[in-house]
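Undergrad: For reference, the file run.cif (mmCIF, C-alpha atoms) is included below:
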```
data_data
#
loop_
_atom_site.label_atom_id
_atom_site.label_comp_id
_atom_site.auth_asym_id
_atom_site.auth_seq_id
_atom_site.Cartn_x
_atom_site.Cartn_y
_atom_site.Cartn_z
CA MET X 6 -40.00 11.85 18.37
CA THR X 7 -40.61 12.87 14.73
CA GLN X 8 -40.33 10.08 12.17
CA ASP X 9 -38.24 10.68 9.08
CA PRO X 10 -40.81 11.00 6.24
CA GLN X 11 -38.36 9.51 3.73
CA ALA X 12 -37.78 6.49 5.97
CA ALA X 13 -41.51 6.05 6.41
CA ALA X 14 -42.04 6.10 2.65
CA ARG X 15 -39.28 3.59 1.99
CA PRO X 16 -40.70 0.10 1.31
CA PRO X 17 -39.73 -2.66 3.75
CA ALA X 18 -36.83 -4.92 2.87
CA ARG X 19 -37.78 -7.93 0.75
CA THR X 20 -36.48 -11.27 1.97
CA VAL X 21 -34.28 -13.19 -0.47
CA PHE X 22 -33.14 -16.81 -0.05
CA PHE X 23 -30.16 -18.38 -1.83
CA VAL X 24 -30.75 -22.13 -1.71
CA SER X 25 -28.10 -24.64 -2.78
CA ASP X 26 -26.92 -28.20 -2.32
CA GLY X 27 -23.38 -26.77 -2.18
CA THR X 28 -22.00 -23.59 -0.63
CA GLY X 29 -24.60 -21.31 -2.22
CA ILE X 30 -21.93 -19.01 -3.63
CA THR X 31 -23.11 -19.46 -7.22
CA ALA X 32 -26.73 -18.70 -6.37
CA GLU X 33 -25.72 -15.72 -4.25
CA THR X 34 -23.36 -14.29 -6.85
CA PHE X 35 -25.97 -14.53 -9.59
CA GLY X 36 -28.70 -13.24 -7.29
CA HIS X 37 -26.64 -10.21 -6.27
CA SER X 38 -26.04 -9.33 -9.92
CA VAL X 39 -29.78 -9.37 -10.54
CA LEU X 40 -30.85 -7.62 -7.33
CA THR X 41 -28.47 -4.68 -7.84
CA GLN X 42 -30.62 -3.68 -10.80
CA PHE X 43 -33.35 -2.67 -8.36
CA ASP X 44 -33.16 0.32 -6.03
CA LEU X 45 -34.71 -1.58 -3.15
CA ARG X 46 -33.58 -3.09 0.13
CA PHE X 47 -33.20 -6.86 0.44
CA ARG X 48 -32.73 -9.06 3.50
CA GLN X 49 -30.53 -11.84 2.18
CA ILE X 50 -30.33 -15.34 3.65
CA ARG X 51 -28.09 -18.14 2.34
CA LEU X 52 -29.27 -21.74 2.85
CA PRO X 53 -26.31 -23.97 1.83
CA PHE X 54 -25.87 -27.75 1.78
CA ILE X 55 -29.54 -28.54 1.22
CA ASP X 56 -28.80 -32.09 0.06
CA THR X 57 -31.52 -34.18 1.74
CA ALA X 58 -35.31 -34.13 1.74
CA GLU X 59 -35.29 -33.29 5.44
CA LYS X 60 -33.11 -30.24 4.86
CA ALA X 61 -35.23 -29.18 1.89
CA HIS X 62 -38.42 -29.29 3.99
CA ALA X 63 -36.69 -27.31 6.75
CA ALA X 64 -35.64 -24.69 4.17
CA ALA X 65 -39.21 -24.54 2.84
CA ARG X 66 -40.48 -23.90 6.36
CA ARG X 67 -38.06 -20.99 6.76
CA ILE X 68 -39.28 -19.55 3.49
CA ASN X 69 -42.92 -19.95 4.57
CA ASP X 70 -42.15 -18.32 7.93
CA ALA X 71 -40.61 -15.34 6.13
CA PHE X 72 -43.73 -15.04 3.98
CA ALA X 73 -45.94 -15.06 7.10
CA ALA X 74 -43.77 -12.46 8.84
CA ASP X 75 -43.29 -10.13 5.87
CA GLY X 76 -46.69 -10.41 4.24
CA GLN X 77 -45.04 -10.73 0.82
CA ARG X 78 -43.44 -13.59 -1.07
CA PRO X 79 -39.74 -14.15 -0.46
CA ILE X 80 -37.55 -14.33 -3.55
CA ILE X 81 -35.67 -17.62 -4.02
CA PHE X 82 -32.54 -18.16 -6.12
CA SER X 83 -31.94 -21.91 -6.26
CA THR X 84 -29.13 -24.08 -7.61
CA LEU X 85 -30.49 -27.41 -6.38
CA VAL X 86 -29.59 -30.19 -8.79
CA GLU X 87 -31.92 -32.94 -7.51
CA SER X 88 -35.42 -32.44 -8.91
CA GLU X 89 -36.98 -33.91 -5.75
CA LEU X 90 -35.30 -31.33 -3.54
CA SER X 91 -36.05 -28.53 -5.98
CA GLY X 92 -39.69 -29.64 -6.01
CA VAL X 93 -39.93 -29.20 -2.24
CA ILE X 94 -38.66 -25.64 -2.49
CA ARG X 95 -41.02 -24.92 -5.40
CA GLN X 96 -43.97 -25.77 -3.15
CA SER X 97 -43.00 -23.10 -0.62
CA SER X 98 -44.55 -19.64 -0.53
CA GLY X 99 -41.83 -17.91 -2.48
CA MET X 100 -41.04 -16.64 -5.97
CA HIS X 101 -38.78 -19.46 -7.14
CA MET X 102 -35.98 -19.01 -9.71
CA ASP X 103 -34.27 -22.29 -10.52
CA LEU X 104 -30.91 -21.49 -12.09
CA ILE X 105 -30.10 -25.15 -12.83
CA GLN X 106 -33.36 -25.82 -14.66
CA THR X 107 -33.15 -22.50 -16.51
CA PHE X 108 -29.73 -23.18 -17.99
CA VAL X 109 -29.06 -26.93 -17.85
CA ALA X 110 -32.24 -28.13 -19.59
CA PRO X 111 -31.77 -25.93 -22.71
CA LEU X 112 -28.08 -26.91 -22.85
CA GLU X 113 -28.97 -30.60 -22.68
CA GLN X 114 -31.21 -30.08 -25.70
CA GLU X 115 -28.64 -28.03 -27.59
CA LEU X 116 -25.69 -30.34 -26.83
CA GLY X 117 -27.64 -33.53 -27.30
CA VAL X 118 -26.39 -35.06 -24.05
CA LYS X 119 -27.71 -35.31 -20.51
CA SER X 120 -25.93 -33.45 -17.72
CA THR X 121 -24.34 -35.44 -14.90
CA HIS X 122 -26.74 -33.88 -12.35
CA THR X 123 -23.95 -34.16 -9.80
CA ILE X 124 -24.63 -32.32 -6.55
CA GLY X 125 -22.05 -29.69 -5.68
CA ARG X 126 -19.95 -30.56 -8.72
CA SER X 127 -18.46 -27.06 -9.07
CA HIS X 128 -17.03 -27.26 -5.55
CA ASN X 129 -16.15 -30.97 -5.49
CA ILE X 130 -12.67 -30.43 -6.90
CA VAL X 131 -10.34 -30.89 -3.93
CA ASP X 132 -8.35 -33.59 -5.71
CA SER X 133 -8.39 -31.97 -9.14
CA GLU X 134 -5.41 -30.45 -10.91
CA GLU X 135 -7.25 -27.13 -11.17
CA TYR X 136 -7.76 -26.95 -7.41
CA LYS X 137 -4.12 -27.74 -6.70
CA ASN X 138 -3.05 -25.05 -9.17
CA ARG X 139 -5.29 -22.56 -7.41
CA ILE X 140 -3.82 -23.35 -3.99
CA GLU X 141 -0.33 -23.05 -5.48
CA ALA X 142 -1.27 -19.65 -6.91
CA ILE X 143 -2.54 -18.44 -3.53
CA ASN X 144 0.67 -19.52 -1.81
CA PHE X 145 2.72 -17.82 -4.54
CA SER X 146 0.79 -14.56 -4.17
CA LEU X 147 1.18 -14.58 -0.39
CA MET X 148 4.92 -15.24 -0.70
CA HIS X 149 5.33 -12.44 -3.24
CA ASP X 150 3.09 -9.88 -1.52
CA ASP X 151 4.49 -6.36 -1.21
CA GLY X 152 7.85 -7.34 -2.70
CA GLN X 153 8.65 -9.77 0.14
CA SER X 154 10.42 -12.25 -2.14
CA HIS X 155 12.14 -12.20 -5.52
CA ARG X 156 12.34 -16.00 -5.64
CA ASN X 157 10.81 -17.69 -8.70
CA LEU X 158 9.50 -14.35 -9.95
CA ALA X 159 9.74 -15.70 -13.50
CA GLU X 160 6.80 -17.99 -12.62
CA ALA X 161 4.50 -15.01 -12.03
CA ASP X 162 1.64 -14.60 -14.48
CA VAL X 163 1.10 -10.99 -13.41
CA ILE X 164 3.14 -8.46 -11.42
CA LEU X 165 1.17 -5.56 -9.96
CA VAL X 166 2.92 -2.30 -9.06
CA GLY X 167 1.71 0.87 -7.39
CA VAL X 168 2.04 2.99 -4.28
CA SER X 169 1.32 1.48 -0.91
CA ARG X 170 -2.44 0.93 -0.26
CA SER X 171 -3.54 1.26 -3.89
CA GLY X 172 -5.20 -2.18 -3.95
CA LYS X 173 -2.38 -4.48 -5.02
CA THR X 174 -2.72 -7.14 -2.32
CA PRO X 175 -6.49 -7.77 -2.52
CA THR X 176 -6.30 -7.83 -6.32
CA SER X 177 -3.42 -10.33 -6.25
CA LEU X 178 -5.28 -12.65 -3.90
CA TYR X 179 -8.52 -12.37 -5.88
CA LEU X 180 -6.69 -13.32 -9.09
CA ALA X 181 -5.12 -16.30 -7.32
CA MET X 182 -8.29 -17.55 -5.64
CA GLN X 183 -10.68 -16.95 -8.51
CA TYR X 184 -8.54 -17.74 -11.54
CA GLY X 185 -5.46 -19.61 -10.34
CA ILE X 186 -3.26 -16.69 -11.43
CA LYS X 187 0.19 -16.43 -9.86
CA ALA X 188 0.23 -12.72 -9.01
CA ALA X 189 3.13 -10.92 -7.37
CA ASN X 190 2.98 -7.30 -6.29
CA TYR X 191 5.58 -4.64 -5.62
CA PRO X 192 5.22 -1.22 -3.96
CA LEU X 193 6.57 1.87 -5.70
CA THR X 194 8.35 3.84 -2.98
CA PRO X 195 10.00 7.27 -2.60
CA ASP X 196 13.38 5.53 -3.08
CA ASP X 197 12.22 4.32 -6.50
CA PHE X 198 11.03 7.83 -7.38
CA GLU X 199 14.38 9.36 -6.40
CA ARG X 200 16.18 6.85 -8.64
CA ALA X 201 13.50 7.34 -11.32
CA LYS X 202 13.57 3.60 -11.92
CA LEU X 203 11.46 0.54 -11.23
CA PRO X 204 12.65 -1.86 -8.49
CA SER X 205 15.74 -3.51 -9.98
CA VAL X 206 14.22 -7.01 -10.23
CA LEU X 207 11.25 -5.93 -12.36
CA PRO X 208 12.41 -4.57 -15.76
CA GLU X 209 13.10 -8.02 -17.24
CA PHE X 210 9.46 -8.95 -16.56
CA ARG X 211 8.02 -5.77 -18.05
CA SER X 212 5.48 -7.65 -20.20
CA LYS X 213 3.85 -9.05 -17.04
CA ILE X 214 3.63 -5.74 -15.17
CA PHE X 215 0.37 -3.89 -14.61
CA GLY X 216 0.05 -0.74 -12.53
CA LEU X 217 -2.56 0.43 -10.03
CA SER X 218 -3.02 4.05 -9.09
CA ILE X 219 -5.51 5.91 -6.89
CA THR X 220 -6.53 9.50 -6.23
CA PRO X 221 -4.41 11.22 -3.56
CA GLU X 222 -7.52 12.10 -1.56
CA ARG X 223 -8.72 8.51 -1.33
CA LEU X 224 -5.18 7.26 -0.64
CA SER X 225 -4.86 9.72 2.24
CA GLU X 226 -8.15 8.49 3.73
CA ILE X 227 -7.03 4.87 3.56
CA ARG X 228 -3.60 5.59 5.01
CA HIS X 229 -5.05 7.66 7.86
CA GLU X 230 -6.97 4.56 8.94
CA ARG X 231 -3.62 2.77 9.23
CA ARG X 232 -1.33 5.58 10.47
CA ALA X 233 -3.37 8.58 11.52
CA GLY X 234 -1.52 11.89 11.53
CA SER X 235 1.62 10.52 9.88
CA LYS X 236 3.59 11.98 6.98
CA TYR X 237 2.86 8.69 5.21
CA ALA X 238 -0.87 9.55 5.26
CA SER X 239 -0.61 13.30 4.65
CA ILE X 240 -2.35 14.61 1.55
CA GLU X 241 0.86 16.32 0.42
CA ASN X 242 2.83 13.08 0.53
CA CYS X 243 0.03 11.16 -1.13
CA ARG X 244 -0.08 13.70 -3.97
CA TYR X 245 3.68 13.38 -4.40
CA GLU X 246 3.69 9.56 -4.45
CA VAL X 247 0.72 9.21 -6.78
CA ASN X 248 2.08 11.78 -9.21
CA GLU X 249 5.55 10.20 -9.25
CA ALA X 250 4.13 6.68 -9.62
CA GLU X 251 1.95 7.65 -12.57
CA LEU X 252 4.85 9.48 -14.24
CA MET X 253 7.04 6.39 -13.79
CA MET X 254 4.41 4.05 -15.22
CA LYS X 255 3.90 6.31 -18.24
CA ARG X 256 7.66 6.64 -18.74
CA GLU X 257 8.18 2.88 -18.48
CA GLY X 258 5.27 2.09 -20.80
CA ILE X 259 3.36 0.20 -18.09
CA ARG X 260 -0.38 -0.28 -18.51
CA TRP X 261 -2.30 0.95 -15.47
CA LEU X 262 -5.65 2.05 -14.11
CA SER X 263 -7.00 3.96 -11.14
CA SER X 264 -8.52 1.72 -8.48
CA THR X 265 -10.37 4.61 -6.82
CA THR X 266 -13.86 3.77 -8.05
CA LYS X 267 -13.23 0.20 -9.23
CA SER X 268 -14.24 -3.01 -7.49
CA ILE X 269 -11.72 -5.82 -7.10
CA GLU X 270 -13.67 -7.76 -9.72
CA GLU X 271 -13.40 -4.88 -12.21
CA ILE X 272 -9.69 -4.42 -11.56
CA ALA X 273 -8.99 -8.14 -11.94
CA THR X 274 -10.98 -8.32 -15.18
CA THR X 275 -9.02 -5.41 -16.65
CA VAL X 276 -5.72 -6.99 -15.61
CA LEU X 277 -6.68 -10.27 -17.29
CA GLN X 278 -7.71 -8.46 -20.48
CA GLU X 279 -4.50 -6.46 -20.65
CA ILE X 280 -1.93 -9.05 -19.55
CA LYS X 281 -3.69 -12.10 -21.07
CA PRO X 282 -2.00 -14.78 -18.94
CA THR X 283 -2.37 -18.35 -20.18
CA ARG X 284 -3.19 -19.75 -16.73
CA ARG X 285 -6.96 -19.50 -16.13
CA GLU X 286 -8.70 -21.92 -13.75
CA TYR X 287 -12.47 -22.01 -13.09
#
```
Give the structure from this file in structure tokens form.
TA:
Amino acid sequence: MTQDPQAAARPPARTVFFVSDGTGITAETFGHSVLTQFDLRFRQIRLPFIDTAEKAHAAARRINDAFAADGQRPIIFSTLVESELSGVIRQSSGMHMDLIQTFVAPLEQELGVKSTHTIGRSHNIVDSEEYKNRIEAINFSLMHDDGQSHRNLAEADVILVGVSRSGKTPTSLYLAMQYGIKAANYPLTPDDFERAKLPSVLPEFRSKIFGLSITPERLSEIRHERRAGSKYASIENCRYEVNEAELMMKREGIRWLSSTTKSIEEIATTVLQEIKPTRREY
């Protein structure tokens, strides 16, 4: 069997650890942003809830084992607050990047106060007003998904419109979960195109509306995964719906973007910049 010369020349995946006393989401999110700058392969391992010396030593052993197996130092992104635990990880055979020490220490000096050094503080918010608002926003978005309910629509911070499968639902939920935004979404359907009007409940909330579009080709691919061989998924129908939706949004003065090559994060950021809702929870 002949080996692919390109595969043979490709360097082995580098092991990366995300170590945290909480969920590890912060370390992983930051680490991903950095690692995407390099055209290399990475084997990524999250080590959450490292909040005791015993767990820290166990994590260090895993890092050392990876070094022995790979023959190269693992990369470590750490958000450990306790200096004792961080010190254990620093002694392992990895390239250690301490996000807490990098940012907190200079801020302490600049602000003239000591940080609380509270473990898992960013996720210890179950009883906070912000957390409750976020859960309320998620429930609102689920209730108002795909035009299911018109109830309390005036409470919406954002109303997304677009053809079916253009990315409205995942964007709505991301806005709710990440920012506490109450996001409703409504499909634009052939009935709306025939009437040449938005769904009747929407015009009074025009200032909150943002549109999502998508290329007909990509829309057809997505719809074929759901209803293969149907008129709903045909390229002709997709071209018709996308064209009519974009014409309607232009005619109604609705701000919109194409979700075809955009990530959920990019779409959500654009929505927030354009609509500028006052509700923002972090």
Undergrad: Using Å and a single decimal, report how far atom CA of Thr31 of chain X sits from atom CA of Leu104 of chain X.
TA: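 Computed distance, atom CA of Leu104 of chain X to atom CA of Thr31 of chain X, equals 9.4 Å.
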Undergrad: Name the residues in contact with segment 168-176 of chain X at a cut-off of 7 Å, using only C-alpha atoms, excluding same-chain residues fewer than 5 positions from it; report them as a ChimeraX atom specification.
TA: /X:150,190,192-194,217-219,224,246-247,250,264,269,273
Undergrad: Just the selected residues (C-alpha atoms), exported as a PDB file, in the frame of the given file, please.
TA:
```
ATOM      1  CA  ASP X 150       3.090  -9.880  -1.520  1.00  0.00           C
ATOM      2  CA  ASN X 190       2.980  -7.300  -6.290  1.00  0.00           C
ATOM      3  CA  PRO X 192       5.220  -1.220  -3.960  1.00  0.00           C
ATOM      4  CA  LEU X 193       6.570   1.870  -5.700  1.00  0.00           C
ATOM      5  CA  THR X 194       8.350   3.840  -2.980  1.00  0.00           C
ATOM      6  CA  LEU X 217      -2.560   0.430 -10.030  1.00  0.00           C
ATOM      7  CA  SER X 218      -3.020   4.050  -9.090  1.00  0.00           C
ATOM      8  CA  ILE X 219      -5.510   5.910  -6.890  1.00  0.00           C
ATOM      9  CA  LEU X 224      -5.180   7.260  -0.640  1.00  0.00           C
ATOM     10  CA  GLU X 246       3.690   9.560  -4.450  1.00  0.00           C
ATOM     11  CA  VAL X 247       0.720   9.210  -6.780  1.00  0.00           C
ATOM     12  CA  ALA X 250       4.130   6.680  -9.620  1.00  0.00           C
ATOM     13  CA  SER X 264      -8.520   1.720  -8.480  1.00  0.00           C
ATOM     14  CA  ILE X 269     -11.720  -5.820  -7.100  1.00  0.00           C
ATOM     15  CA  ALA X 273      -8.990  -8.140 -11.940  1.00  0.00           C
TER      16      ALA X 273
END
```
Undergrad: Carefully work through the PyMOL selection byres ((chain X and resi 20) around 7) for this structure and note down the residues it includes, as a PyMOL selection string.
TA: chain X and resi 18-19+21-22+47-49+79-80
Undergrad: Report, as JSON, the axis-aligned box around all atoms of segment 46-58 of chain X present in the file, extended by 3 Å on each side; give centre and edge lengths in Å to one decimal place.
TA:
```
{"center_x": -30.6, "center_y": -18.6, "center_z": 1.9, "size_x": 15.4, "size_y": 37.1, "size_z": 9.6}
```
Undergrad: Which is closest to Phe198 of chain X among X:Met254, X:Ile186, X:Leu112, X:Val118, if we use only C-alpha atoms?
TA: X:Met254
Undergrad: Would you mind listing what lies within 12 Å of Gly76 of chain X as a VMD selection string, with only C-alpha atoms counted and same-chain residues fewer than 2 positions away left out?
TA: chain X and resid 17 to 20 68 to 74 78 to 79 98 to 99
Undergrad: I need the residue nearest Gly92 of chain X from this list: X:Gln278, X:Ser268, X:Gln106, X:Ser177. Use only C-alpha atoms for the distance.
TA: X:Gln106
Undergrad: Residues near Ser146 of chain X, anyone? I mean within 8 Å using only C-alpha atoms, not counting same-chain ones fewer than 2 positions away, as a list in words.
TA: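 Those residues are Ala142, Ile143, Asn144, Met148, His149, Asp150, Ser177, Leu178, Ala181, Lys187, Ala188, Ala189 and Asn190 of chain X.
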